Each structure stands twice: as C-alpha cells, then as structure tokens.
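Structure file target-v2.pdb (PDB, C-alpha atoms) is printed below.
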```
MODEL        1
ATOM      1  CA  MET A  27     -98.977  40.854-108.001
ATOM      2  CA  MET A  28     -96.891  42.819-105.529
ATOM      3  CA  SER A  29     -96.981  41.487-101.981
ATOM      4  CA  LYS A  30     -97.958  43.886 -99.227
ATOM      5  CA  MET A  31     -95.213  44.642 -96.722
ATOM      6  CA  ILE A  32     -96.080  43.563 -93.202
ATOM      7  CA  GLU A  33     -95.634  46.308 -90.641
ATOM      8  CA  PRO A  34     -93.812  45.229 -87.475
ATOM      9  CA  ILE A  35     -96.071  44.892 -84.437
ATOM     10  CA  THR A  36     -95.514  47.586 -81.821
ATOM     11  CA  PHE A  37     -97.093  48.307 -78.435
ATOM     12  CA  THR A  38     -98.134  51.771 -77.286
ATOM     13  CA  VAL A  39     -98.417  52.743 -73.616
ATOM     14  CA  PRO A  40    -100.215  55.924 -72.465
ATOM     15  CA  LEU A  41     -97.930  58.064 -70.296
ATOM     16  CA  SER A  42    -100.252  59.045 -67.473
ATOM     17  CA  PHE A  43     -99.840  61.702 -64.768
ATOM     18  CA  GLU A  44     -98.458  58.877 -62.624
ATOM     19  CA  ALA A  45     -95.716  58.167 -65.208
ATOM     20  CA  HIS A  46     -94.707  61.833 -65.333
ATOM     21  CA  ASP A  47     -94.798  62.148 -61.547
ATOM     22  CA  ILE A  48     -92.394  59.195 -61.235
ATOM     23  CA  ALA A  49     -90.152  60.676 -63.972
ATOM     24  CA  GLN A  50     -90.135  64.026 -62.159
ATOM     25  CA  GLN A  51     -89.182  62.396 -58.841
ATOM     26  CA  CYS A  52     -86.335  60.410 -60.411
ATOM     27  CA  ALA A  53     -85.022  63.370 -62.412
ATOM     28  CA  GLN A  54     -84.922  65.550 -59.290
ATOM     29  CA  LYS A  55     -82.550  63.019 -57.702
ATOM     30  CA  SER A  56     -80.050  63.504 -60.531
ATOM     31  CA  LEU A  57     -77.791  66.434 -61.376
ATOM     32  CA  PRO A  58     -79.338  69.428 -63.212
ATOM     33  CA  THR A  59     -77.343  68.581 -66.341
ATOM     34  CA  LYS A  60     -78.863  65.087 -66.376
ATOM     35  CA  PHE A  61     -82.471  66.065 -65.570
ATOM     36  CA  LYS A  62     -83.862  65.642 -69.106
ATOM     37  CA  GLN A  63     -81.952  62.409 -69.711
ATOM     38  CA  VAL A  64     -83.210  60.809 -66.487
ATOM     39  CA  TYR A  65     -86.764  62.056 -67.144
ATOM     40  CA  LEU A  66     -86.908  60.430 -70.585
ATOM     41  CA  ASN A  67     -85.182  57.254 -69.347
ATOM     42  CA  THR A  68     -87.750  56.907 -66.571
ATOM     43  CA  LEU A  69     -90.643  57.249 -69.024
ATOM     44  CA  ALA A  70     -89.104  54.496 -71.186
ATOM     45  CA  VAL A  71     -88.720  52.194 -68.168
ATOM     46  CA  TYR A  72     -92.324  52.927 -67.153
ATOM     47  CA  ALA A  73     -93.564  51.922 -70.620
ATOM     48  CA  VAL A  74     -91.609  48.648 -70.747
ATOM     49  CA  ASP A  75     -92.612  47.813 -67.165
ATOM     50  CA  SER A  76     -96.290  48.318 -68.078
ATOM     51  CA  TYR A  77     -95.935  46.153 -71.185
ATOM     52  CA  LEU A  78     -94.182  43.288 -69.422
ATOM     53  CA  ARG A  79     -96.667  43.226 -66.558
ATOM     54  CA  CYS A  80     -99.456  43.061 -69.161
ATOM     55  CA  MET A  81     -97.641  40.076 -70.677
ATOM     56  CA  GLY A  82     -97.515  38.284 -67.308
ATOM     57  CA  PHE A  83     -93.928  38.983 -66.248
ATOM     58  CA  GLU A  84     -93.026  40.042 -62.722
ATOM     59  CA  THR A  85     -90.727  43.063 -62.506
ATOM     60  CA  ASN A  86     -88.675  44.466 -59.648
ATOM     61  CA  LEU A  87     -88.034  48.190 -59.963
ATOM     62  CA  ALA A  88     -86.394  48.286 -56.526
ATOM     63  CA  HIS A  89     -83.523  46.163 -57.900
ATOM     64  CA  SER A  90     -83.107  48.373 -60.970
ATOM     65  CA  GLU A  91     -80.240  50.860 -61.238
ATOM     66  CA  SER A  92     -82.676  53.284 -62.896
ATOM     67  CA  ARG A  93     -84.279  53.818 -59.461
ATOM     68  CA  ASP A  94     -81.009  54.091 -57.537
ATOM     69  CA  SER A  95     -80.447  57.688 -56.384
ATOM     70  CA  LEU A  96     -76.664  57.411 -56.555
ATOM     71  CA  MET A  97     -76.612  55.803 -60.011
ATOM     72  CA  LEU A  98     -78.961  58.462 -61.392
ATOM     73  CA  LYS A  99     -76.393  61.160 -60.581
ATOM     74  CA  PHE A 100     -73.486  59.632 -62.476
ATOM     75  CA  VAL A 101     -74.535  57.136 -65.191
ATOM     76  CA  ASP A 102     -76.960  56.936 -68.088
ATOM     77  CA  VAL A 103     -79.026  53.848 -67.273
ATOM     78  CA  ALA A 104     -82.638  52.870 -67.937
ATOM     79  CA  ASP A 105     -82.676  49.264 -66.765
ATOM     80  CA  LEU A 106     -85.561  47.135 -65.553
ATOM     81  CA  ASP A 107     -85.077  43.998 -63.463
ATOM     82  CA  ILE A 108     -87.330  41.101 -64.483
ATOM     83  CA  VAL A 109     -87.779  38.408 -61.857
ATOM     84  CA  GLY A 110     -86.315  35.081 -62.976
ATOM     85  CA  VAL A 111     -84.971  36.560 -66.214
ATOM     86  CA  GLY A 112     -82.473  39.388 -65.651
ATOM     87  CA  LYS A 113     -82.084  43.064 -66.518
ATOM     88  CA  ILE A 114     -83.139  44.684 -69.778
ATOM     89  CA  GLU A 115     -82.304  48.218 -70.838
ATOM     90  CA  CYS A 116     -85.192  50.478 -71.919
ATOM     91  CA  ARG A 117     -83.779  53.135 -74.232
ATOM     92  CA  PRO A 118     -85.844  56.230 -75.133
ATOM     93  CA  VAL A 119     -86.002  57.154 -78.820
ATOM     94  CA  LEU A 120     -86.980  60.685 -79.845
ATOM     95  CA  PRO A 121     -89.803  61.118 -82.414
ATOM     96  CA  ASP A 122     -87.683  61.766 -85.529
ATOM     97  CA  SER A 123     -84.728  59.537 -84.654
ATOM     98  CA  GLN A 124     -83.800  56.619 -86.914
ATOM     99  CA  THR A 125     -81.525  54.960 -84.354
ATOM    100  CA  CYS A 126     -81.567  53.761 -80.758
ATOM    101  CA  ASN A 127     -78.690  55.023 -78.616
ATOM    102  CA  ILE A 128     -77.104  52.523 -76.212
ATOM    103  CA  PRO A 129     -74.576  54.294 -73.962
ATOM    104  CA  SER A 130     -71.525  52.473 -72.631
ATOM    105  CA  ASP A 131     -72.965  52.685 -69.101
ATOM    106  CA  ALA A 132     -75.521  50.071 -70.196
ATOM    107  CA  TRP A 133     -73.254  47.638 -72.037
ATOM    108  CA  GLU A 134     -72.799  45.219 -69.134
ATOM    109  CA  ASN A 135     -75.143  42.997 -67.134
ATOM    110  CA  ARG A 136     -78.039  43.300 -69.596
ATOM    111  CA  ILE A 137     -79.842  40.497 -71.398
ATOM    112  CA  GLY A 138     -81.018  42.902 -74.079
ATOM    113  CA  TYR A 139     -82.284  46.337 -75.079
ATOM    114  CA  VAL A 140     -85.783  47.609 -75.928
ATOM    115  CA  ALA A 141     -86.230  50.734 -78.064
ATOM    116  CA  VAL A 142     -89.065  52.955 -76.769
ATOM    117  CA  GLN A 143     -90.163  55.850 -78.996
ATOM    118  CA  LEU A 144     -91.655  58.814 -77.135
ATOM    119  CA  ASN A 145     -94.068  61.064 -79.020
ATOM    120  CA  GLN A 146     -93.602  64.835 -79.205
ATOM    121  CA  SER A 147     -96.030  65.596 -76.377
ATOM    122  CA  LEU A 148     -94.647  62.795 -74.142
ATOM    123  CA  LYS A 149     -98.182  61.452 -73.757
ATOM    124  CA  GLU A 150     -97.424  58.094 -75.383
ATOM    125  CA  ALA A 151     -94.521  55.647 -75.582
ATOM    126  CA  THR A 152     -94.306  52.993 -78.279
ATOM    127  CA  LEU A 153     -92.178  49.866 -77.906
ATOM    128  CA  LEU A 154     -90.584  49.464 -81.342
ATOM    129  CA  GLY A 155     -88.458  46.333 -80.970
ATOM    130  CA  PHE A 156     -85.559  44.610 -79.304
ATOM    131  CA  THR A 157     -81.880  43.790 -79.727
ATOM    132  CA  LYS A 158     -79.692  41.427 -77.731
ATOM    133  CA  THR A 159     -76.418  43.131 -78.568
ATOM    134  CA  SER A 160     -74.803  46.392 -77.558
ATOM    135  CA  ALA A 161     -72.007  46.016 -80.125
ATOM    136  CA  MET A 162     -73.168  49.245 -81.826
ATOM    137  CA  ARG A 163     -73.662  52.432 -79.851
ATOM    138  CA  GLU A 164     -76.292  53.524 -82.385
ATOM    139  CA  VAL A 165     -78.611  50.681 -83.436
ATOM    140  CA  PRO A 166     -80.698  51.453 -86.567
ATOM    141  CA  LEU A 167     -84.387  51.011 -85.808
ATOM    142  CA  THR A 168     -84.694  48.917 -88.974
ATOM    143  CA  GLN A 169     -82.354  46.325 -87.419
ATOM    144  CA  LEU A 170     -84.444  45.759 -84.296
ATOM    145  CA  GLN A 171     -86.004  42.358 -83.731
ATOM    146  CA  SER A 172     -89.737  42.094 -83.201
ATOM    147  CA  LEU A 173     -91.603  42.250 -79.903
ATOM    148  CA  GLU A 174     -92.755  38.679 -80.603
ATOM    149  CA  TYR A 175     -89.122  37.578 -80.623
ATOM    150  CA  PHE A 176     -88.504  39.622 -77.475
ATOM    151  CA  LEU A 177     -91.278  37.789 -75.605
ATOM    152  CA  ALA A 178     -90.121  34.393 -76.902
ATOM    153  CA  TYR A 179     -86.568  35.176 -75.772
ATOM    154  CA  MET A 180     -87.762  36.240 -72.326
ATOM    155  CA  ASN A 181     -89.936  33.158 -71.945
ATOM    156  CA  ARG A 182     -87.039  30.960 -73.015
ATOM    157  CA  ILE A 183     -84.722  32.415 -70.362
ATOM    158  CA  GLN A 184     -87.433  32.090 -67.718
ATOM    159  CA  GLN A 185     -88.075  28.462 -68.701
ATOM    160  CA  LEU A 186     -84.421  27.402 -68.808
ATOM    161  CA  ASN A 187     -83.246  29.430 -65.793
ATOM    162  CA  PRO A 188     -79.726  29.624 -67.280
ATOM    163  CA  VAL A 189     -76.519  30.305 -65.367
ATOM    164  CA  ASN A 190     -75.561  33.932 -66.012
ATOM    165  CA  LEU A 191     -71.871  33.727 -66.885
ATOM    166  CA  MET A 192     -71.532  37.512 -66.840
ATOM    167  CA  ASN A 193     -71.886  37.266 -63.051
ATOM    168  CA  TRP A 194     -68.787  35.040 -62.935
ATOM    169  CA  PHE A 195     -66.668  37.994 -64.028
ATOM    170  CA  GLU A 196     -67.917  39.770 -60.897
ATOM    171  CA  ASN A 197     -67.106  36.727 -58.717
ATOM    172  CA  VAL A 198     -70.802  35.872 -58.248
ATOM    173  CA  PHE A 199     -71.707  32.191 -58.697
ATOM    174  CA  ASP A 200     -74.968  30.241 -58.603
ATOM    175  CA  THR A 201     -75.623  27.659 -55.901
ATOM    176  CA  GLY A 202     -73.869  24.346 -56.596
ATOM    177  CA  TRP A 203     -70.952  25.802 -58.578
ATOM    178  CA  GLN A 204     -67.786  25.132 -56.580
ATOM    179  CA  VAL A 205     -64.084  25.845 -57.012
ATOM    180  CA  ILE A 206     -62.441  22.960 -58.853
ATOM    181  CA  ASP A 207     -60.195  21.750 -56.022
ATOM    182  CA  GLU A 208     -63.273  21.154 -53.836
ATOM    183  CA  LEU A 209     -64.490  18.538 -56.322
ATOM    184  CA  LEU A 210     -61.369  16.839 -57.733
ATOM    185  CA  ASN A 211     -58.523  15.033 -55.977
ATOM    186  CA  PRO A 212     -54.862  16.186 -56.394
ATOM    187  CA  GLU A 213     -54.104  13.725 -59.207
ATOM    188  CA  GLN A 214     -57.148  14.874 -61.173
ATOM    189  CA  LEU A 215     -56.173  18.489 -60.628
ATOM    190  CA  GLU A 216     -52.882  17.720 -62.344
ATOM    191  CA  TRP A 217     -54.819  16.363 -65.341
ATOM    192  CA  HIS A 218     -57.067  19.399 -65.231
ATOM    193  CA  PHE A 219     -54.356  22.030 -65.378
ATOM    194  CA  ARG A 220     -52.309  20.060 -67.910
ATOM    195  CA  SER A 221     -55.318  19.784 -70.198
ATOM    196  CA  THR A 222     -56.348  23.470 -70.246
ATOM    197  CA  ASN A 223     -54.913  26.690 -71.568
ATOM    198  CA  ALA A 224     -55.201  28.100 -68.041
ATOM    199  CA  LEU A 225     -58.467  29.970 -68.530
ATOM    200  CA  PRO A 226     -58.624  31.753 -65.177
ATOM    201  CA  ILE A 227     -62.375  31.904 -64.393
ATOM    202  CA  GLU A 228     -63.590  28.409 -63.573
ATOM    203  CA  ARG A 229     -66.122  26.487 -61.551
ATOM    204  CA  GLY A 230     -67.257  22.893 -61.266
ATOM    205  CA  TYR A 231     -70.660  21.281 -60.778
ATOM    206  CA  LYS A 232     -71.377  17.789 -59.473
ATOM    207  CA  ILE A 233     -73.415  15.718 -61.943
ATOM    208  CA  ASP A 234     -75.244  12.599 -60.746
ATOM    209  CA  LEU A 235     -76.503  10.262 -63.470
ATOM    210  CA  GLY A 236     -77.999   7.785 -61.005
ATOM    211  CA  MET A 237     -78.045   4.088 -61.848
ATOM    212  CA  GLN A 238     -76.209   4.624 -65.127
ATOM    213  CA  LEU A 239     -73.077   5.439 -63.121
ATOM    214  CA  ALA A 240     -73.700   2.883 -60.349
ATOM    215  CA  GLN A 241     -74.135   5.709 -57.820
ATOM    216  CA  GLN A 242     -70.920   7.438 -58.996
ATOM    217  CA  SER A 243     -70.846  11.105 -59.982
ATOM    218  CA  VAL A 244     -68.826  13.218 -62.378
ATOM    219  CA  THR A 245     -67.716  16.857 -62.332
ATOM    220  CA  LEU A 246     -68.682  19.277 -65.085
ATOM    221  CA  ALA A 247     -65.972  21.959 -65.211
ATOM    222  CA  VAL A 248     -66.587  25.257 -67.015
ATOM    223  CA  MET A 249     -63.745  27.695 -67.723
ATOM    224  CA  LEU A 250     -63.950  31.206 -69.195
ATOM    225  CA  ALA A 251     -61.378  33.499 -70.744
ATOM    226  CA  PRO A 252     -60.660  36.493 -68.479
ATOM    227  CA  GLU A 253     -61.709  39.367 -70.743
ATOM    228  CA  PRO A 254     -65.156  39.132 -72.348
ATOM    229  CA  GLY A 255     -65.778  41.149 -75.488
ATOM    230  CA  SER A 256     -68.363  40.505 -78.176
ATOM    231  CA  GLU A 257     -67.404  36.827 -77.672
ATOM    232  CA  VAL A 258     -65.968  34.777 -74.816
ATOM    233  CA  ASP A 259     -63.800  31.646 -75.117
ATOM    234  CA  ILE A 260     -65.166  28.716 -73.112
ATOM    235  CA  GLN A 261     -63.900  25.246 -72.218
ATOM    236  CA  VAL A 262     -66.151  22.565 -70.741
ATOM    237  CA  GLN A 263     -64.751  19.331 -69.316
ATOM    238  CA  VAL A 264     -66.028  16.251 -67.499
ATOM    239  CA  TYR A 265     -63.997  14.368 -64.847
ATOM    240  CA  PRO A 266     -64.719  11.269 -62.728
ATOM    241  CA  MET A 267     -65.186  11.853 -58.996
ATOM    242  CA  GLY A 268     -64.245   9.953 -55.859
ATOM    243  CA  ASN A 269     -62.047   6.884 -56.267
ATOM    244  CA  GLN A 270     -62.766   6.564 -59.982
ATOM    245  CA  THR A 271     -59.764   7.287 -62.217
ATOM    246  CA  CYS A 272     -61.519   6.940 -65.587
ATOM    247  CA  LEU A 273     -64.837   7.979 -67.034
ATOM    248  CA  PRO A 274     -67.277   5.215 -68.016
ATOM    249  CA  GLU A 275     -67.013   4.362 -71.710
ATOM    250  CA  GLY A 276     -69.630   6.082 -73.839
ATOM    251  CA  LEU A 277     -70.178   9.105 -71.595
ATOM    252  CA  LYS A 278     -71.135  12.064 -73.814
ATOM    253  CA  LEU A 279     -70.397  15.760 -73.399
ATOM    254  CA  ILE A 280     -72.643  17.814 -75.683
ATOM    255  CA  VAL A 281     -72.913  21.551 -76.429
ATOM    256  CA  MET A 282     -76.233  22.778 -77.874
ATOM    257  CA  ASP A 283     -77.281  26.135 -79.268
ATOM    258  CA  GLU A 284     -80.340  28.186 -78.321
ATOM    259  CA  SER A 285     -82.545  25.958 -80.527
ATOM    260  CA  GLU A 286     -81.321  22.785 -78.773
ATOM    261  CA  GLU A 287     -79.370  21.767 -81.872
ATOM    262  CA  VAL A 288     -76.144  19.860 -81.164
ATOM    263  CA  VAL A 289     -73.105  21.894 -82.243
ATOM    264  CA  LEU A 290     -70.282  19.964 -80.519
ATOM    265  CA  GLU A 291     -69.983  16.499 -78.990
ATOM    266  CA  ALA A 292     -67.297  14.403 -77.299
ATOM    267  CA  THR A 293     -67.561  10.751 -76.183
ATOM    268  CA  SER A 294     -65.340   9.025 -73.634
ATOM    269  CA  ARG A 295     -63.366   5.842 -74.390
ATOM    270  CA  ASP A 296     -62.702   3.104 -71.855
ATOM    271  CA  ASP A 297     -59.489   4.702 -70.518
ATOM    272  CA  ASP A 298     -60.287   8.443 -70.647
ATOM    273  CA  ASN A 299     -59.745  10.322 -67.401
ATOM    274  CA  PHE A 300     -61.541  13.395 -68.789
ATOM    275  CA  ILE A 301     -63.183  14.703 -71.962
ATOM    276  CA  GLN A 302     -63.452  18.325 -73.090
ATOM    277  CA  LEU A 303     -64.859  20.716 -75.693
ATOM    278  CA  GLU A 304     -63.768  24.257 -76.597
ATOM    279  CA  PHE A 305     -65.884  26.933 -78.279
ATOM    280  CA  SER A 306     -66.732  30.630 -78.312
ATOM    281  CA  SER A 307     -70.063  32.130 -77.291
ATOM    282  CA  GLU A 308     -71.414  35.418 -78.613
ATOM    283  CA  LEU A 309     -72.703  38.100 -76.294
ATOM    284  CA  ARG A 310     -76.257  37.361 -74.986
ATOM    285  CA  GLU A 311     -76.162  33.889 -76.541
ATOM    286  CA  LEU A 312     -78.044  31.041 -74.858
ATOM    287  CA  PHE A 313     -76.464  27.583 -74.957
ATOM    288  CA  GLY A 314     -76.758  24.259 -73.157
ATOM    289  CA  VAL A 315     -74.201  21.698 -71.963
ATOM    290  CA  THR A 316     -75.389  18.097 -71.540
ATOM    291  CA  VAL A 317     -73.659  15.197 -69.805
ATOM    292  CA  ALA A 318     -75.266  11.907 -70.877
ATOM    293  CA  LEU A 319     -74.755   8.185 -70.438
ATOM    294  CA  GLY A 320     -77.235   5.756 -71.964
ATOM    295  CA  GLU A 321     -80.762   7.026 -71.308
ATOM    296  CA  ALA A 322     -79.696   9.299 -68.433
ATOM    297  CA  SER A 323     -78.697  12.923 -69.003
ATOM    298  CA  VAL A 324     -78.312  16.224 -67.165
ATOM    299  CA  THR A 325     -78.346  19.580 -68.967
ATOM    300  CA  LYS A 326     -77.175  22.932 -67.639
ATOM    301  CA  HIS A 327     -78.079  26.072 -69.584
ATOM    302  CA  PHE A 328     -75.977  29.223 -69.761
ATOM    303  CA  HIS A 329     -76.001  32.743 -71.133
ATOM    304  CA  TRP A 330     -73.825  35.806 -70.651
TER
ENDMDL
END
```
What does the file become when written as structure tokens?
Amino acid sequence: MMSKMIEPITFTVPLSFEAHDIAQQCAQKSLPTKFKQVYLNTLAVYAVDSYLRCMGFETNLAHSESRDSLMLKFVDVADLDIVGVGKIECRPVLPDSQTCNIPSDAWENRIGYVAVQLNQSLKEATLLGFTKTSAMREVPLTQLQSLEYFLAYMNRIQQLNPVNLMNWFENVFDTGWQVIDELLNPEQLEWHFRSTNALPIERGYKIDLGMQLAQQSVTLAVMLAPEPGSEVDIQVQVYPMGNQTCLPEGLKLIVMDESEEVVLEATSRDDDNFIQLEFSSELRELFGVTVALGEASVTKHFHW
C-alpha cells in the first residue's frame, strides 16, 4: 500500500489593518524605488513576530534593522531581534514563487532565515519553513527545514546562551573573554604563539574547576581565522594559570557538536604546558567546548 505523504506544518498569520499601517509607515521612510520591497519585508517581519510571540519568545523590534529609518533607505533587510537568541531574517515569498530570495545585505549577523509566503491579496502570510544558511541566494522552498526544527533550534540557542563568534569579527566580546596577555604570563605567551598558526582573532576565558585543581585555574583560549566564509577555522587551547607551569595530568579538552556528541578530544600528560584542538565550524553551527578534570567540568557553547 502506498504511504501518504505528510504535508509540512505551516503557520498562517492574518495581516490586519495594523500590519498594513506599520508596513505603510516603514515604506514611507524608504526611497520611492524601495517602497514595495520595504512594504513586503515589513509584512513578513510582522508575521514572524506574531508567530514567535505566540510561541512564547520575546522580540525586540526596536533593535531590528528593519525598523531603522536609515537602513530602510539603503539596504534590503527584514530582520527581527529575538531576546536571548539573536537576529533572524524574515524573507517575503510571492504567491507563485518556488524559491526564497536572501539578498547579500542579510548574509551577516543572522542566526537563520524564515520564508514567509504572502497571498495575492496581502491579507495573509504563511510561514513555510526555515534555513540556517545563506550560502544560496535563492533557496528552493522544498529545501526549507520545518517550523518544528526552527522552534527547537531557537529553544536550543536560548537554553545554551552561546557565545556569538560572529560578533568577534566586529570586535565585540562577551563578558569574561579577555585578551590573551591579560591571562597568561610572558613565558606562557611564548608557548602560545609558538603553538599556533597565528590566527589573529583570539580571546581567553578563565576556567575554575574548584577542588579538582586545588584552587588553581586554567585559561581556555579560542582563536579564529580572520576571514569567515561558509566555514571558519578555529583553534581551542588550554593553559595553566598563575605560578603553574604544567597542566594537571588527565585534564581533558573536548569539542562537541550541536547534539552534544564528542567530535574531538585531547588529554594532558604530566608534563604538558598546554593542550589544543583544531577544527572548522560551518556557518550557523552550534558547538560546545568542555574543560574537564575528574568529575568537574565547565562547558562553553558557541555559534557564529
């Protein structure tokens, strides 16, 4: 017997007079040649904002470029800032289109893209699906991931509160991430620079494993290649701090994927003055880095 194909779950939002009034106000702030584009973008943002608030997420339109008068004049953006998560791009899809257009203006500083199909009368907007990547300017609608995956992805980011490495390329760093020479002494800095391929974007974080390290701490150093593309090269290292010249034997440095599966691991020997791992991360990928000794461990999560 033939199995019945399961239709992907979508979500339809009525586009009220309020939605069109907001779209009109935003479009009037743009140039005449961009009026229609901004109008449709604003309707798409309105639909995704309504959906996410229904799902319990807090949004912040005031921090979204799609409400910035200056940005509306010059770039094609339809972003929505989600508190504790990041920015998503809400791309309008015309009724007969088979693809979702992602302009280059929206390729950076986004955690993903939602395709929003507007009906012919502009009275309804339907959220079709989601993609994490902007590698293709035209994303076929058949390649979109489901709204269920979209919500799971959003919840995962909110739960993990990952460090956004994309911000590092704009010289913006989370609290606690310091320049390396504030954490390591001159001799350790010599080890550090001798042991790397001079990846230029780097920060260190103090890790305290409590009694397992007899009140001693270690530094987790993270280094990024200077030019991110669809992937970025990353090095992670661990160094002793203070008067310690070697790491305790058995200290583990672990890299995990989005599913918390271990993909790389290094373990210190009794005379190691640092340990390191090197890998590449794909765009929008979530990963974790764990420093562990015995039963004690500290994990930092990242995405870019």
- Skip Met249 of chain A itself and residues of its chain fewer than 5 positions away, then list as number ranges by chain all residues within 6 Å of it, counting only C-alpha atoms. A: 225, 227-228, 260-261
Tell me which residues the PyMOL selection byres ((chain A and resi 184) around 10) grabs here, as a compact mmCIF listing (two decimals) with C-alpha atoms, in the frame of the given file.
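expr05.txt, written as the output of this step:
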```txt
# COMPACT_ATOMS: atom_id res chain seq x y z
CA PHE A 83 -93.93 38.98 -66.25
CA ILE A 108 -87.33 41.10 -64.48
CA VAL A 109 -87.78 38.41 -61.86
CA GLY A 110 -86.32 35.08 -62.98
CA VAL A 111 -84.97 36.56 -66.21
CA GLY A 112 -82.47 39.39 -65.65
CA ALA A 178 -90.12 34.39 -76.90
CA TYR A 179 -86.57 35.18 -75.77
CA MET A 180 -87.76 36.24 -72.33
CA ASN A 181 -89.94 33.16 -71.94
CA ARG A 182 -87.04 30.96 -73.02
CA ILE A 183 -84.72 32.42 -70.36
CA GLN A 185 -88.08 28.46 -68.70
CA LEU A 186 -84.42 27.40 -68.81
CA ASN A 187 -83.25 29.43 -65.79
CA PRO A 188 -79.73 29.62 -67.28
```
- Spatial neighbours of segment 316-320 of chain A, max dist 12 Å, only C-alpha atoms, sep filter under 2 positions, as a PyMOL selection string: chain A and resi 231-240+243-247+262-265+273-283+286-294+301-303+313-314+322-328
- Task: For the structure shown, which residues end up in the PyMOL selection byres ((chain A and resi 126-128) around 7)? Put them as a ChimeraX atom specification, please?
- Result: /A:117,119,125,129-130,132,141,160,163-167
- Message: Which residues, named as in the file, does the PyMOL selection byres ((chain A and resi 67) around 12) pick out? Answer as an MDAnalysis selection string.
- Response: chainID A and resid 45:46 48:50 52:53 56 60:66 68:74 91:93 98 101:106 115:120 127:129 140:144 148 151
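Proximity of A:Pro226, A:Gly155, A:Gly138, A:Pro58 to Pro252 of chain A, computed with only C-alpha atoms, is greatest for A:Pro226.
Closest approach to Ile35 of chain A from the set A:Glu321, A:Glu174, A:Glu308, A:Asp298 is made by A:Glu174, with distances taken over all atoms listed in the file.
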- Which of A:Leu153, A:Leu57, A:Leu309, A:Leu210 sits closest to Ser95 of chain A [using all atoms listed in the file]: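 Smallest separation from Ser95 of chain A among the options: A:Leu57.
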- Task: Point out the residue among A:Phe305, A:Glu213, A:Asp94, A:Ser76 with the least atom-to-atom distance to Gln51 of chain A, counting all atoms listed in the file.
- Result: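 Closest to Gln51 of chain A of all the choices is A:Asp94.
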- Message: Could you check the closest approach to Asp75 of chain A for each of A:Thr168, A:Lys55, A:Val39, A:Pro266 and tell me which residue wins, using all atoms listed in the file?
- Response: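 Under the stated criterion, the closest residue is A:Val39.
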- Item | Two-atom distance - atom CA of Met267 of chain A, atom CA of Val315 of chain A (Å) | 18.6 Å
- Message: So the first atom is atom CA of Glu304 of chain A and the second is atom CA of Glu284 of chain A; what is the distance between them in Å, to one decimal place?
- Response: 17.1 Å
- Interatomic distance, atom CA of Val189 of chain A to atom CA of Trp330 of chain A (Å, one decimal):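 These atoms are spaced 8.1 Å apart.
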